[in-house]
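J.: To be precise about what I am sending: the file is called entry.txt and holds compact mmCIF, C-alpha atoms.
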# COMPACT_ATOMS: atom_id res chain seq x y z
CA MET D 1 -79.56 83.94 -106.09
CA SER D 2 -77.43 80.86 -106.84
CA PHE D 3 -78.37 77.52 -105.29
CA SER D 4 -75.29 77.58 -103.08
CA ASP D 5 -76.41 80.98 -101.78
CA GLU D 6 -79.79 79.46 -101.00
CA LEU D 7 -78.04 76.68 -99.10
CA HIS D 8 -76.06 79.19 -97.12
CA THR D 9 -79.24 81.10 -96.26
CA ALA D 10 -80.91 77.88 -95.08
CA ALA D 11 -78.01 77.10 -92.74
CA LYS D 12 -77.12 80.67 -91.77
CA SER D 13 -78.30 80.41 -88.17
CA ILE D 14 -76.12 77.32 -87.68
CA TRP D 15 -73.10 78.98 -89.29
CA ASP D 16 -73.65 82.04 -87.11
CA ALA D 17 -73.81 79.76 -84.08
CA GLN D 18 -70.46 78.28 -85.13
CA LEU D 19 -68.92 81.74 -85.26
CA GLU D 20 -70.30 82.45 -81.79
CA HIS D 21 -69.15 79.12 -80.39
CA PRO D 22 -66.67 79.63 -77.54
CA TYR D 23 -64.31 77.11 -79.09
CA VAL D 24 -64.14 78.98 -82.40
CA LYS D 25 -63.92 82.35 -80.64
CA GLY D 26 -61.15 80.94 -78.47
CA ILE D 27 -59.11 80.02 -81.53
CA GLY D 28 -59.74 83.51 -82.91
CA ASP D 29 -58.53 85.41 -79.87
CA GLY D 30 -56.04 82.79 -78.75
CA SER D 31 -57.74 82.18 -75.42
CA LEU D 32 -58.62 78.55 -76.09
CA ASP D 33 -57.02 76.18 -73.63
CA GLU D 34 -54.33 74.17 -75.39
CA GLU D 35 -55.62 70.95 -73.85
CA LEU D 36 -59.02 71.53 -75.44
CA PHE D 37 -57.45 72.30 -78.81
CA ARG D 38 -55.75 68.92 -78.72
CA ASN D 39 -59.26 67.43 -78.97
CA TRP D 40 -59.63 69.05 -82.37
CA VAL D 41 -56.18 67.93 -83.51
CA LEU D 42 -56.93 64.31 -82.60
CA GLN D 43 -60.50 64.16 -83.85
CA ASP D 44 -59.82 66.06 -87.05
CA TYR D 45 -57.12 63.56 -87.91
CA ARG D 46 -59.67 60.75 -87.64
CA TYR D 47 -62.09 62.87 -89.62
CA LEU D 48 -59.59 63.48 -92.45
CA LYS D 49 -59.16 59.76 -93.05
CA GLU D 50 -62.87 59.34 -93.70
CA TYR D 51 -63.10 62.66 -95.53
CA ALA D 52 -60.56 61.29 -98.02
CA ARG D 53 -62.85 58.32 -98.68
CA VAL D 54 -65.61 60.72 -99.70
CA PHE D 55 -63.35 62.21 -102.39
CA ALA D 56 -62.59 58.69 -103.58
CA TRP D 57 -66.33 58.06 -104.01
CA ALA D 58 -66.65 61.44 -105.75
CA ALA D 59 -63.88 60.61 -108.23
CA ALA D 60 -65.64 57.32 -108.98
CA LYS D 61 -69.03 58.95 -109.53
CA ALA D 62 -68.12 62.24 -111.21
CA ASP D 63 -69.84 62.85 -114.54
CA ARG D 64 -67.07 64.89 -116.18
CA LEU D 65 -63.38 64.25 -116.62
CA ASP D 66 -62.34 67.61 -115.14
CA SER D 67 -64.48 66.99 -112.06
CA MET D 68 -63.03 63.51 -111.73
CA GLY D 69 -59.55 64.99 -111.92
CA TRP D 70 -60.33 67.63 -109.31
CA TYR D 71 -61.66 65.09 -106.79
CA ALA D 72 -58.71 62.78 -107.47
CA ALA D 73 -56.32 65.67 -106.89
CA VAL D 74 -57.99 66.60 -103.60
CA LEU D 75 -57.90 62.97 -102.54
CA ASN D 76 -54.18 62.85 -103.25
CA VAL D 77 -53.51 66.13 -101.44
CA THR D 78 -55.57 65.05 -98.45
CA LEU D 79 -53.88 61.67 -98.10
CA ASN D 80 -50.34 62.57 -99.03
CA THR D 81 -49.93 66.21 -98.06
CA GLU D 82 -52.62 67.44 -95.69
CA MET D 83 -52.40 64.49 -93.33
CA GLU D 84 -48.63 64.89 -93.14
CA LEU D 85 -49.07 68.60 -92.44
CA HIS D 86 -51.57 67.64 -89.78
CA ARG D 87 -49.01 65.30 -88.19
CA GLN D 88 -46.43 68.10 -88.20
CA TYR D 89 -48.96 70.53 -86.75
CA ALA D 90 -49.92 67.97 -84.07
CA ALA D 91 -46.25 67.72 -83.06
CA ARG D 92 -46.41 71.40 -82.09
CA PHE D 93 -48.96 70.35 -79.47
CA GLY D 94 -46.84 67.46 -78.26
CA LEU D 95 -48.86 64.84 -80.13
CA SER D 96 -47.01 62.14 -82.03
CA ALA D 97 -48.17 60.28 -85.12
CA ALA D 98 -48.79 57.31 -82.83
CA ASP D 99 -51.03 59.47 -80.61
CA LEU D 100 -53.04 60.48 -83.66
CA GLU D 101 -53.44 56.91 -84.84
CA ALA D 102 -54.37 55.64 -81.39
CA ALA D 103 -56.98 58.29 -80.59
CA PRO D 104 -60.47 56.78 -80.30
CA MET D 105 -63.05 58.19 -82.65
CA TRP D 106 -65.57 60.07 -80.51
CA PRO D 107 -69.30 59.54 -81.18
CA THR D 108 -69.84 62.81 -83.05
CA THR D 109 -66.83 62.20 -85.31
CA ARG D 110 -68.11 58.70 -85.95
CA ALA D 111 -71.64 59.92 -86.71
CA TYR D 112 -70.53 62.77 -88.97
CA THR D 113 -68.09 60.68 -91.00
CA ASP D 114 -70.51 57.77 -91.29
CA PHE D 115 -73.08 60.25 -92.60
CA LEU D 116 -70.64 61.58 -95.20
CA VAL D 117 -69.43 58.18 -96.35
CA ARG D 118 -72.95 56.76 -96.45
CA THR D 119 -74.22 59.72 -98.49
CA ALA D 120 -71.24 59.45 -100.82
CA ALA D 121 -71.93 55.74 -101.30
CA ASP D 122 -75.68 55.67 -101.82
CA GLY D 123 -76.42 59.19 -103.00
CA ASP D 124 -75.77 60.78 -106.38
CA MET D 125 -73.13 63.43 -107.06
CA ALA D 126 -75.41 66.30 -106.04
CA ASP D 127 -76.15 64.59 -102.71
CA LEU D 128 -72.47 63.97 -102.13
CA VAL D 129 -71.47 67.58 -102.81
CA ALA D 130 -74.33 68.97 -100.69
CA ALA D 131 -73.14 66.90 -97.73
CA LEU D 132 -69.46 67.67 -98.32
CA LEU D 133 -69.72 71.39 -98.96
CA PRO D 134 -70.34 72.70 -95.41
CA CYS D 135 -67.01 71.34 -94.16
CA THR D 136 -64.93 72.90 -96.92
CA TRP D 137 -66.88 76.13 -97.14
CA ALA D 138 -67.57 76.72 -93.44
CA TYR D 139 -63.91 76.35 -92.46
CA VAL D 140 -62.94 79.01 -95.00
CA HIS D 141 -65.84 81.21 -93.87
CA LEU D 142 -64.97 80.88 -90.17
CA ALA D 143 -61.25 81.40 -90.72
CA GLN D 144 -61.83 84.44 -92.92
CA GLU D 145 -64.10 85.95 -90.27
CA LEU D 146 -61.54 85.23 -87.54
CA ALA D 147 -58.80 86.71 -89.73
CA LYS D 148 -60.59 90.07 -89.65
CA GLY D 149 -59.62 90.48 -85.98
CA ASN D 150 -56.19 90.81 -84.48
CA PRO D 151 -54.21 87.59 -84.92
CA PRO D 152 -53.88 85.51 -81.75
CA GLU D 153 -50.53 85.71 -80.00
CA ASP D 154 -50.14 81.94 -80.04
CA GLN D 155 -48.59 81.37 -83.46
CA ARG D 156 -50.10 77.90 -83.65
CA TYR D 157 -53.63 79.35 -83.61
CA ALA D 158 -52.60 82.14 -85.99
CA ASP D 159 -51.29 79.51 -88.41
CA TRP D 160 -54.54 77.57 -88.14
CA ILE D 161 -56.52 80.66 -89.12
CA ALA D 162 -54.10 81.56 -91.91
CA GLN D 163 -54.26 78.06 -93.38
CA TYR D 164 -58.03 77.85 -93.60
CA ALA D 165 -58.41 81.49 -94.68
CA SER D 166 -55.83 80.96 -97.43
CA GLN D 167 -56.54 81.48 -101.09
CA GLU D 168 -55.93 77.81 -101.74
CA PHE D 169 -58.72 76.71 -99.39
CA ALA D 170 -60.99 79.51 -100.61
CA GLN D 171 -60.52 78.38 -104.20
CA ALA D 172 -61.41 74.82 -103.25
CA ALA D 173 -64.60 76.02 -101.57
CA ASP D 174 -65.47 78.18 -104.60
CA TRP D 175 -64.93 75.24 -106.94
CA LEU D 176 -67.24 73.04 -104.88
CA LYS D 177 -69.88 75.79 -104.70
CA ALA D 178 -69.82 76.13 -108.50
CA GLU D 179 -70.04 72.34 -108.78
CA MET D 180 -73.05 72.35 -106.45
CA ASP D 181 -74.75 75.01 -108.55
CA ARG D 182 -74.07 73.04 -111.73
CA LEU D 183 -75.36 69.78 -110.30
CA ALA D 184 -78.51 71.39 -108.90
CA GLU D 185 -79.36 73.20 -112.13
CA GLY D 186 -82.81 72.14 -113.34
CA ALA D 187 -83.32 69.83 -110.34
CA SER D 188 -86.88 69.29 -109.13
CA THR D 189 -88.23 71.06 -106.07
CA GLU D 190 -88.09 67.77 -104.14
CA LYS D 191 -84.49 67.18 -105.14
CA ARG D 192 -83.46 70.68 -104.14
CA ALA D 193 -85.21 70.23 -100.79
CA ARG D 194 -83.27 67.01 -100.23
CA LEU D 195 -79.99 68.74 -101.06
CA MET D 196 -80.87 71.49 -98.63
CA ASP D 197 -81.59 68.91 -95.90
CA LEU D 198 -78.18 67.32 -96.48
CA PHE D 199 -76.42 70.67 -96.39
CA VAL D 200 -78.17 71.70 -93.17
CA LEU D 201 -77.43 68.31 -91.59
CA SER D 202 -73.73 68.61 -92.35
CA SER D 203 -73.78 72.16 -91.00
CA ARG D 204 -75.28 70.83 -87.78
CA TYR D 205 -72.55 68.23 -87.58
CA GLU D 206 -69.97 70.99 -88.08
CA TRP D 207 -71.41 72.83 -85.08
CA SER D 208 -71.55 69.56 -83.14
CA PHE D 209 -67.89 68.93 -83.93
CA TRP D 210 -66.89 72.21 -82.20
CA GLU D 211 -69.17 71.36 -79.31
CA MET D 212 -67.57 67.93 -79.01
CA CYS D 213 -64.08 69.44 -78.97
CA TRP D 214 -65.19 72.04 -76.41
CA LYS D 215 -66.87 69.71 -73.95
CA GLY D 216 -65.08 66.44 -74.65
CA GLU D 217 -67.09 63.35 -75.42
CA GLU D 218 -67.27 59.65 -74.77
CA TRP D 219 -69.64 56.80 -75.33
CA SER D 220 -72.22 56.46 -72.57
CA ILE D 221 -70.47 53.29 -71.49
CA MET V 1 -66.53 29.18 -77.44
CA SER V 2 -68.18 30.50 -80.61
CA PHE V 3 -67.50 34.00 -81.94
CA CYS V 4 -70.94 35.21 -80.87
CA GLU V 5 -70.52 33.81 -77.35
CA GLU V 6 -67.02 35.25 -77.09
CA GLN V 7 -68.16 38.72 -78.18
CA LEU V 8 -71.32 38.72 -76.07
CA ALA V 9 -69.13 37.92 -73.08
CA ARG V 10 -66.75 40.75 -74.01
CA VAL V 11 -69.52 43.37 -74.25
CA ARG V 12 -71.45 42.02 -71.25
CA PRO V 13 -71.30 45.34 -69.30
CA VAL V 14 -73.06 47.09 -72.21
CA TRP V 15 -75.50 44.22 -72.68
CA GLU V 16 -76.45 44.20 -69.02
CA ARG V 17 -77.16 47.92 -69.16
CA ILE V 18 -79.37 47.37 -72.21
CA LEU V 19 -81.42 44.67 -70.48
CA ASP V 20 -81.56 46.68 -67.27
CA HIS V 21 -82.64 49.87 -69.04
CA ARG V 22 -85.50 51.76 -67.42
CA PHE V 23 -87.33 52.00 -70.74
CA LEU V 24 -87.65 48.22 -70.85
CA LYS V 25 -88.44 47.87 -67.14
CA GLU V 26 -91.13 50.53 -67.26
CA THR V 27 -92.65 48.98 -70.39
CA ARG V 28 -92.67 45.61 -68.64
CA ASP V 29 -94.19 47.03 -65.46
CA GLY V 30 -96.78 49.13 -67.28
CA THR V 31 -95.50 52.36 -65.76
CA ILE V 32 -94.00 53.86 -68.89
CA ALA V 33 -95.46 57.21 -69.92
CA ASP V 34 -97.42 57.10 -73.18
CA GLN V 35 -95.37 60.01 -74.47
CA THR V 36 -92.11 58.17 -73.78
CA PHE V 37 -93.28 55.06 -75.58
CA ALA V 38 -94.51 57.24 -78.45
CA THR V 39 -91.01 58.72 -78.79
CA TRP V 40 -89.62 55.23 -79.17
CA MET V 41 -92.35 54.31 -81.68
CA ARG V 42 -91.60 57.33 -83.87
CA GLN V 43 -87.86 56.82 -83.79
CA ASP V 44 -87.95 53.06 -84.24
CA TYR V 45 -90.37 53.45 -87.15
CA LEU V 46 -87.69 55.52 -88.87
CA PHE V 47 -85.05 52.98 -87.90
CA VAL V 48 -87.01 50.06 -89.39
CA GLU V 49 -87.51 52.10 -92.57
CA ALA V 50 -83.72 52.55 -92.76
CA ALA V 51 -83.08 48.87 -92.04
CA ILE V 52 -84.58 48.01 -95.44
CA PRO V 53 -81.86 49.75 -97.51
CA PHE V 54 -79.28 48.41 -95.04
CA ILE V 55 -80.32 44.82 -95.79
CA ALA V 56 -80.52 45.64 -99.49
CA ALA V 57 -76.99 47.08 -99.42
CA LEU V 58 -75.70 43.81 -97.93
CA MET V 59 -77.15 41.83 -100.81
CA PRO V 60 -74.46 42.44 -103.48
CA LYS V 61 -71.78 41.26 -101.04
CA ALA V 62 -73.71 38.33 -99.61
CA PRO V 63 -72.71 34.74 -100.30
CA THR V 64 -75.32 32.98 -102.41
CA ALA V 65 -76.44 30.90 -99.45
CA HIS V 66 -77.44 34.06 -97.53
CA ARG V 67 -79.45 35.76 -100.26
CA ARG V 68 -82.74 33.98 -99.74
CA ALA V 69 -82.81 34.76 -96.01
CA LEU V 70 -81.87 38.39 -96.57
CA GLY V 71 -84.49 38.70 -99.29
CA GLU V 72 -87.16 37.14 -97.11
CA VAL V 73 -86.55 39.57 -94.27
CA LEU V 74 -87.51 42.58 -96.40
CA PRO V 75 -91.28 41.87 -96.40
CA VAL V 76 -90.96 41.08 -92.67
CA LEU V 77 -89.66 44.61 -92.14
CA GLU V 78 -92.54 45.97 -94.22
CA ARG V 79 -94.93 44.10 -91.92
CA GLU V 80 -93.16 45.59 -88.92
CA LEU V 81 -93.81 49.04 -90.34
CA GLU V 82 -97.45 48.06 -90.71
CA LEU V 83 -97.49 47.03 -87.04
CA PHE V 84 -96.16 50.46 -86.09
CA ARG V 85 -98.82 52.17 -88.23
CA GLU V 86 -101.58 50.01 -86.74
CA ARG V 87 -100.46 50.67 -83.14
CA ALA V 88 -99.96 54.35 -83.88
CA ALA V 89 -103.47 54.65 -85.27
CA ALA V 90 -104.87 52.79 -82.25
CA THR V 91 -103.08 55.01 -79.74
CA GLY V 92 -103.13 58.38 -81.52
CA VAL V 93 -99.39 58.54 -82.19
CA GLU V 94 -98.44 60.68 -85.19
CA LEU V 95 -96.06 59.04 -87.67
CA GLU V 96 -96.06 61.70 -90.37
CA ASP V 97 -93.11 64.03 -91.11
CA LEU V 98 -90.83 62.37 -88.59
CA LYS V 99 -87.27 63.55 -88.07
CA PRO V 100 -84.61 61.24 -86.65
CA SER V 101 -83.03 62.15 -83.34
CA PHE V 102 -79.25 62.59 -83.28
CA VAL V 103 -78.67 59.07 -81.94
CA ASN V 104 -81.05 57.54 -84.46
CA HIS V 105 -79.48 59.46 -87.34
CA ALA V 106 -75.98 58.49 -86.25
CA TYR V 107 -76.98 54.83 -85.83
CA VAL V 108 -78.56 54.68 -89.30
CA GLN V 109 -75.52 56.30 -90.93
CA PHE V 110 -73.36 53.75 -89.13
CA LEU V 111 -75.45 50.90 -90.57
CA LEU V 112 -75.25 52.17 -94.13
CA ALA V 113 -71.60 53.18 -93.94
CA SER V 114 -70.78 49.70 -92.59
CA ALA V 115 -72.72 48.05 -95.43
CA PHE V 116 -70.94 50.12 -98.07
CA THR V 117 -67.40 50.31 -96.77
CA ARG V 118 -66.79 47.22 -94.64
CA SER V 119 -66.58 43.56 -95.54
CA TYR V 120 -69.69 41.42 -95.65
CA ALA V 121 -68.69 39.65 -92.43
CA GLU V 122 -68.23 42.98 -90.64
CA ALA V 123 -71.57 44.39 -91.82
CA PHE V 124 -73.27 41.06 -91.05
CA THR V 125 -71.95 41.44 -87.51
CA VAL V 126 -73.87 44.70 -87.20
CA LEU V 127 -77.05 42.98 -88.40
CA TYR V 128 -76.67 40.15 -85.90
CA VAL V 129 -76.03 42.43 -82.93
CA LEU V 130 -78.95 44.75 -83.58
CA GLU V 131 -81.36 41.82 -83.99
CA LYS V 132 -79.96 39.94 -81.00
CA ALA V 133 -80.23 43.06 -78.88
CA TYR V 134 -83.89 43.43 -79.84
CA TYR V 135 -84.65 39.79 -79.15
CA ASP V 136 -83.02 39.90 -75.73
CA SER V 137 -84.51 43.29 -74.89
CA TRP V 138 -88.07 42.34 -75.70
CA MET V 139 -87.66 38.96 -74.01
CA ALA V 140 -86.79 40.89 -70.86
CA VAL V 141 -90.02 42.87 -71.27
CA ARG V 142 -92.03 39.73 -71.96
CA GLU V 143 -91.16 38.31 -68.54
CA GLY V 144 -93.79 40.17 -66.53
CA ILE V 145 -95.68 42.44 -68.91
CA ASP V 146 -99.48 42.36 -68.79
CA ARG V 147 -100.60 40.49 -71.91
CA GLY V 148 -103.37 43.07 -72.31
CA SER V 149 -100.87 45.95 -72.53
CA THR V 150 -101.32 48.35 -75.43
CA TRP V 151 -97.70 47.71 -76.29
CA TYR V 152 -97.84 43.90 -76.13
CA PRO V 153 -97.99 43.48 -79.95
CA PHE V 154 -94.43 44.86 -80.11
CA VAL V 155 -93.33 42.32 -77.50
CA GLU V 156 -94.94 39.53 -79.51
CA ASN V 157 -93.25 40.70 -82.69
CA TRP V 158 -89.69 40.52 -81.39
CA THR V 159 -90.08 37.47 -79.15
CA SER V 160 -91.89 35.28 -81.66
CA ASP V 161 -90.59 31.87 -82.67
CA ALA V 162 -89.98 33.22 -86.17
CA PHE V 163 -87.86 36.09 -84.87
CA LYS V 164 -85.98 33.74 -82.55
CA ALA V 165 -85.21 31.47 -85.52
CA TRP V 166 -83.97 34.49 -87.52
CA VAL V 167 -81.60 35.51 -84.73
CA GLU V 168 -80.35 31.93 -84.43
CA PHE V 169 -79.76 31.84 -88.19
CA LEU V 170 -77.76 35.05 -87.91
CA ALA V 171 -75.72 33.71 -84.98
CA ALA V 172 -74.85 30.45 -86.74
CA ASN V 173 -73.82 32.24 -89.90
CA LEU V 174 -71.87 34.91 -88.07
CA ASP V 175 -69.92 32.17 -86.31
CA ALA V 176 -69.20 30.60 -89.69
CA LEU V 177 -68.07 33.92 -91.17
CA ALA V 178 -65.83 34.55 -88.16
CA ALA V 179 -64.29 31.10 -88.51
CA ASP V 180 -63.27 31.98 -92.07
CA ALA V 181 -62.10 35.52 -91.24
CA GLY V 182 -58.48 36.53 -90.96
CA VAL V 183 -57.07 38.38 -87.96
CA THR V 184 -57.71 41.87 -89.34
CA GLU V 185 -61.26 41.16 -90.41
CA ARG V 186 -62.04 39.48 -87.11
CA GLU V 187 -60.78 42.57 -85.29
CA GLY V 188 -63.07 44.67 -87.48
CA MET V 189 -65.99 42.39 -86.63
CA ALA V 190 -65.25 42.73 -82.94
CA GLU V 191 -65.04 46.53 -83.25
CA LEU V 192 -68.43 46.71 -84.97
CA PHE V 193 -69.94 44.22 -82.52
CA GLU V 194 -69.12 46.54 -79.66
CA LEU V 195 -70.16 49.72 -81.48
CA THR V 196 -73.54 48.26 -82.42
CA ALA V 197 -74.17 47.24 -78.83
CA LYS V 198 -73.33 50.79 -77.74
CA TYR V 199 -75.74 52.23 -80.28
CA GLU V 200 -78.46 49.88 -79.01
CA LEU V 201 -77.95 51.16 -75.48
CA ALA V 202 -77.88 54.75 -76.73
CA PHE V 203 -81.13 54.16 -78.61
CA TRP V 204 -83.02 53.09 -75.46
CA GLU V 205 -81.56 56.04 -73.61
CA MET V 206 -82.62 58.41 -76.38
CA ALA V 207 -86.14 56.95 -76.30
CA ALA V 208 -86.33 57.33 -72.52
CA THR V 209 -85.06 60.90 -72.45
CA GLY V 210 -86.54 62.15 -75.72
CA ALA V 211 -83.16 63.64 -76.62
CA GLY V 212 -83.22 65.26 -80.06
CA TRP V 213 -80.25 67.06 -81.59
CA PRO V 214 -77.52 68.65 -79.51
CA CYS V 215 -77.82 72.03 -81.18
CA LEU V 216 -80.53 74.50 -82.07
CA GLU V 217 -84.17 73.41 -82.12
CA GLU V 218 -85.29 69.93 -81.16
CA GLU V 219 -86.93 67.92 -83.88
CA THR V 220 -88.03 64.58 -82.47
Mind turning this structure into structure tokens?
T.:
Amino acid sequence: MSFSDELHTAAKSIWDAQLEHPYVKGIGDGSLDEELFRNWVLQDYRYLKEYARVFAWAAAKADRLDSMGWYAAVLNVTLNTEMELHRQYAARFGLSAADLEAAPMWPTTRAYTDFLVRTAADGDMADLVAALLPCTWAYVHLAQELAKGNPPEDQRYADWIAQYASQEFAQAADWLKAEMDRLAEGASTEKRARLMDLFVLSSRYEWSFWEMCWKGEEWSI
Amino acid sequence: MSFCEEQLARVRPVWERILDHRFLKETRDGTIADQTFATWMRQDYLFVEAAIPFIAALMPKAPTAHRRALGEVLPVLERELELFRERAAATGVELEDLKPSFVNHAYVQFLLASAFTRSYAEAFTVLYVLEKAYYDSWMAVREGIDRGSTWYPFVENWTSDAFKAWVEFLAANLDALAADAGVTEREGMAELFELTAKYELAFWEMAATGAGWPCLEEET
């Protein structure tokens, strides 16, 4: 069993809970209230900005030139392509670029992105990839599972599923999984346990992100 | 009006809720459940542990004049941890294999992310607010708590003359940093000032309710 398979096993109950989450199921069958989906559109935009920073740290810390190039390419795509696609997608829900920029970062988004950026800054490459991997991998996993059912009638949800289930996203997840396996090779038991903790924590934040979008969130004051 | 005064006035609604929090009132009145206080002890022990790398991460960005003070606070934090261990041993509170609650985890990530990605003045703002919040909070407990309370050593720790002087040092230097800051940086400082205050309030609430993680099993 590869290390990334071990990570998946450790977080399987959380990933299963994501698949069972009413928000995710609602995207899959198209029943999710559009107003609730706007929460994801707004919060994911804020998330992407910080997510890009993690790739910048990764490019700075990578041990091999090809890895450095891969992270730099993802950083470029995230900043200069994906965020523009996100703005175009948001427009289909009546949200302008100004709306996206003005949206407050909700506590779970703040906590999750601070966790990623902090780990990227003070951890090593293996730590960084362990924390980053659940986002990339779980989205592909969820979308591919949703794609097994009938596509939702709302084309906007169907496009969401198609995007994250695409070969392009799957290849990115596979690359990161292979990178995780390479970085964990020969690591001590303690180090592997730490990587597993980081992976499980990010998986929990992934679940929490759906929960936040489902219920809405605000600071207690 | 200094930057600290201006910002404290701006976040007054949050600050008032911190000082009025039932955790502090019940600690002061001696009615707090041992289990509730133990939750705070376990979580704050983890927080103090995390404060050490936070201070250390500020060091490379710190002006030379700040380095001595930042360096000297590290052994103070180690002594705080010792205080927690001593009180835990005296009261039967377990401090092994602790897991941070969601709020604690989020707060700690916020500290470290601020230290790594924001300017020194912005991260220093976070340090000032969290220390000021503790000084004010424990001062509110001090007014009325039984000096023989099991928890009084914590009150003494964060209301001591030495801690007061540390908070005053932070305030004076934060005001100086704000005076030198441009508009954008000052806005960032104000943003982090407010966020830190909110995390302080959320921390007391977490301690009072024992809230763990919002999904799956609880781990506090």
J.: Write out as a count of residues only each polymer residue whose atoms come within 10 Å of stretch 61-68 of chain V, counting all atoms listed in the file; drop sequence neighbours fewer than 6 positions from it.
T.: 10
J.: Define the interface residues of chain D facing chain V as those within 9 Å, counting all atoms listed in the file, and report them as a PDB file with C-alpha atoms, in the frame of the given file.
T.:
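Saved as out38.pdb:
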ATOM      1  CA  SER D  13     -78.300  80.410 -88.170  1.00  0.00           C
ATOM      2  CA  ILE D  14     -76.120  77.320 -87.680  1.00  0.00           C
ATOM      3  CA  ALA D  17     -73.810  79.760 -84.080  1.00  0.00           C
ATOM      4  CA  PRO D 107     -69.300  59.540 -81.180  1.00  0.00           C
ATOM      5  CA  THR D 108     -69.840  62.810 -83.050  1.00  0.00           C
ATOM      6  CA  ARG D 110     -68.110  58.700 -85.950  1.00  0.00           C
ATOM      7  CA  ALA D 111     -71.640  59.920 -86.710  1.00  0.00           C
ATOM      8  CA  TYR D 112     -70.530  62.770 -88.970  1.00  0.00           C
ATOM      9  CA  THR D 113     -68.090  60.680 -91.000  1.00  0.00           C
ATOM     10  CA  ASP D 114     -70.510  57.770 -91.290  1.00  0.00           C
ATOM     11  CA  PHE D 115     -73.080  60.250 -92.600  1.00  0.00           C
ATOM     12  CA  LEU D 116     -70.640  61.580 -95.200  1.00  0.00           C
ATOM     13  CA  VAL D 117     -69.430  58.180 -96.350  1.00  0.00           C
ATOM     14  CA  ARG D 118     -72.950  56.760 -96.450  1.00  0.00           C
ATOM     15  CA  THR D 119     -74.220  59.720 -98.490  1.00  0.00           C
ATOM     16  CA  ALA D 121     -71.930  55.740-101.300  1.00  0.00           C
ATOM     17  CA  ASP D 122     -75.680  55.670-101.820  1.00  0.00           C
ATOM     18  CA  ARG D 204     -75.280  70.830 -87.780  1.00  0.00           C
ATOM     19  CA  TRP D 207     -71.410  72.830 -85.080  1.00  0.00           C
ATOM     20  CA  SER D 208     -71.550  69.560 -83.140  1.00  0.00           C
ATOM     21  CA  GLU D 211     -69.170  71.360 -79.310  1.00  0.00           C
ATOM     22  CA  TRP D 219     -69.640  56.800 -75.330  1.00  0.00           C
ATOM     23  CA  SER D 220     -72.220  56.460 -72.570  1.00  0.00           C
ATOM     24  CA  ILE D 221     -70.470  53.290 -71.490  1.00  0.00           C
TER      25      ILE D 221
END
J.: What is the distance, in Å and to one decimal place, between atom CA of V:Ser137 and atom CA of V:Leu98?
T.: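 So the two atoms, atom CA of V:Ser137 and atom CA of V:Leu98, lie 24.3 Å apart.
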J.: Env of D:Ala130: 7 Å cut, atoms = all atoms listed in the file, seq-sep filter 4 positions within chain, self excluded. Answer as a compact mmCIF listing (two decimals) with C-alpha atoms, in the frame of the given file.
T.:
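Full text of selection_19.txt as output:
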# COMPACT_ATOMS: atom_id res chain seq x y z
CA ALA D 126 -75.41 66.30 -106.04
CA MET D 180 -73.05 72.35 -106.45
CA LEU D 195 -79.99 68.74 -101.06
CA LEU D 198 -78.18 67.32 -96.48
CA PHE D 199 -76.42 70.67 -96.39
J.: Tell me which protein, DNA and RNA residues are within 8 Å of V:Trp138, counting all atoms listed in the file, leaving out same-chain ones fewer than 5 positions away, and put them as a PyMOL selection string.
T.: chain V and resi 24+155+158-159
J.: At what distance in Å, to one decimal, does atom CA of D:Trp137 lie from atom CA of D:Ala172?
T.: 8.3 Å
